[in-house]
Amino acid sequence: MIKKLYVSVSAEFDTDGNMRPSMIHLEDGRDIRIKKVKNAVRAASLKAGGQGTRYLCSIGAKDIYLFCEDMKWFVEWSE
Amino acid sequence: MKTILHVDLNNFYASVECMYDPSIRGLPVAVCGDIELRHGIVLAKNYIAKAAGVKTGYTIADAKRACPGLVCVPPHMDRYMRYSAMAKGIYSEYTDKVESFGIDECWLDLGTEADGVAAANEIRRRIKRELGVTASVGVSYNKIFAKMGSDYKKPDATTEITADNYKALLWRLPVSDMMFVGRATESRLRLYGIDTIGDLAKCDPSLLARLLGKNGLMLYRFANGMDDSEVSAITEGPPLKSIGNSTTAPRDLLTEDDVRVTYMVLCESVAARLRKHALKCGTVSIDVRDSELFVFTRQKRLLSPVCTAEELFSAAMELHRTNRRPGMRIRSLGVRASSLCPLIGMQLTFYDDEAKQRREALSAAEDSINSRFGPRSVVHGITMADRDLSSFTPSDDRVVAPDRFEAYI
């Protein structure tokens, strides 16, 4: 079961004003460092329900989708 | 020849709700108004609910009788507006001629050189990927056929209607599938053996003119692909033909005072919108619906064009008093201003008096206060007589399916 998990995010802004998420902070206190943002596109989250800018983030060995929807961030979280 | 696309977001409200809540996907879903506010009817439904017999406009109870497992969800207008704007953003990457037809449909004029089908397929793919909903697209050389193309196959499909295939594709369809043919027109046409769009196209135009007036000629032209109306530019918006607001009251309106309070709120909104567009109106009409859902519509031509709430209100009340039935329990009221003309540069009339000019200046001052301190910061005293009845803000109501009939005449 995939659910929509809202998270807080730290982000970096470059000199052109582009935003790049750098760290995901989970509610249980864990922080997940984003090694690389592979791409950012506007997309729907069919699994969790929602729509926004979708960042394909490399975190350690795997990649996850991080969505920014109306300036609220969420991940597709499998339970 | 021009390439015109008509993009229709399929089952828009219900699709957006299913997009946001994966747990209801695959179930019969209806987007329904608020029962508490007596808006408890089906506003939209998905294909599964439609197949089970749920129709738009059903009460929630009727809809659940037709489809016992129906999932009813409340509408989220903010989401629909956001989706609509994002879809228009995609269209505007292909052309600056994008004309809305309601919240979920648009025409696009791609000019004379474009590959319409390729663009349509790309737009469909993008809408699915970026917004998570599906669209059907009609591709043709005029607006009417493009619209009929998007209706031809749903969901998530492209249909091209060309000068070579329109007879084969469209002429065998029932005449009710023709844009602007409603129930009354359909039964009128069927009386004369005009059952299909092909029958309409082959009919003698003078007979249609006798039957339906200028609308008959318009339908004849449309059935034969002779629509040359332009797609408005995205910045222009379609030309305004009328401005109206309506409301379903939180309780039945029984006394004249109840009716007066409701009409005044509606007239304030319509008048403010007229002034915002720098327009006056020469005709006022009212729509009245009682608790038995009996409806009457009446209209009145004014001596000279107006743009103030007081003048709209007095015309609306006069129409109401002349046409109401004794003992009516009124459920909803609507006020519409039409025969629009520019606010400035109008011909002066003998009827324009000083009092009228003062009222207009006062209305301009009201607009300025309301724009500075928020809507309804200053209102007419009568609307304070019953706060329950006047607590709605009609200008926030969204136009879901605009009446653009006149635009084509």
# chains A, B, ... in the order shown; residues from 1 in each chain; ligands from 1
>>> interface_residues(of="chain A", to="chain B", cutoff="12 Å", atoms="only C-alpha atoms", output="list in words")
Met1, Ile2, Lys3, Lys4, Ala40, Val41, Arg42, Ala43, Ala44, Ser45, Leu46, Lys47, Ala48, Gly49, Gly50, Gln51, Gly52, Thr53, Arg54, Glu69 and Asp70 of chain A
>>> write_last_selection(atoms="C-alpha atoms", output="compact mmCIF listing (two decimals), in the first residue's frame")
# COMPACT_ATOMS: atom_id res chain seq x y z
CA MET A 1 0.00 0.00 0.00
CA ILE A 2 1.46 3.30 -1.09
CA LYS A 3 0.51 6.38 0.87
CA LYS A 4 1.12 10.07 0.54
CA ALA A 40 12.54 17.56 -12.17
CA VAL A 41 9.34 17.49 -14.21
CA ARG A 42 5.71 18.38 -13.68
CA ALA A 43 3.90 15.10 -13.06
CA ALA A 44 1.00 13.39 -11.35
CA SER A 45 1.52 10.93 -8.54
CA LEU A 46 -0.82 8.14 -9.58
CA LYS A 47 0.29 5.94 -6.70
CA ALA A 48 -0.16 8.34 -3.80
CA GLY A 49 -2.60 10.83 -5.32
CA GLY A 50 -1.54 14.38 -6.06
CA GLN A 51 0.24 16.48 -8.62
CA GLY A 52 3.16 18.90 -8.72
CA THR A 53 6.82 19.14 -9.59
CA ARG A 54 8.31 15.67 -9.32
CA GLU A 69 2.61 20.29 -4.60
CA ASP A 70 1.60 23.89 -3.91
>>> select_by_dssp(residues="chain A", states="strand (DSSP E or B)", output="PyMOL selection string")
chain A and resi 2-13+19-25+31-33+36-44+51-59+62-69+72-78
>>> residues_around(residues="Ile4 (chain B)", least_positions_apart="5", cutoff="8 Å", atoms="only C-alpha atoms", output="list of chain:residue names")
B:Trp107, B:Leu108, B:Asp109, B:Leu110, B:Gly111, B:Gly116, B:Val139, B:Ser140, B:Tyr141, B:Asn142, B:Lys143, B:Ala146
>>> closest_residue(among="B:Ser377, B:Ser150, B:Thr59, B:Ser269", to="Thr134 (chain B)", atoms="only C-alpha atoms")
B:Ser150
>>> closest_residue(among="A:Leu26, A:Gly17, A:Lys36, A:Ala11", to="Val75 (chain A)", atoms="only C-alpha atoms")
A:Leu26
>>> select_by_dssp(residues="region 71-144 of chain B", states="alpha helix (DSSP H)", output="VMD selection string")
chain B and resid 77 to 91 116 to 126 143 to 144
>>> atom_distance(atom1="CA of Val71 (chain B)", atom2="CA of Leu27 (chain B)")
7.2 Å
>>> closest_residue(among="B:Asp62, B:Asp104, B:Asp195, B:Asp115", to="Glu160 (chain B)", atoms="only C-alpha atoms")
B:Asp115
>>> residues_around(residues="Thr383 (chain B)", least_positions_apart="5", cutoff="7 Å", atoms="only C-alpha atoms", output="list in words")
Val261, Met264, Val265 and Ser390 of chain B
>>> residues_around(residues="Pro205 (chain B)", least_positions_apart="2", cutoff="10 Å", atoms="only C-alpha atoms", output="NGL selection string")
:B and (200-203 or 207-211 or 216-221)
>>> atom_distance(atom1="CA of Ser136 (chain B)", atom2="CA of Tyr55 (chain A)")
28.2 Å
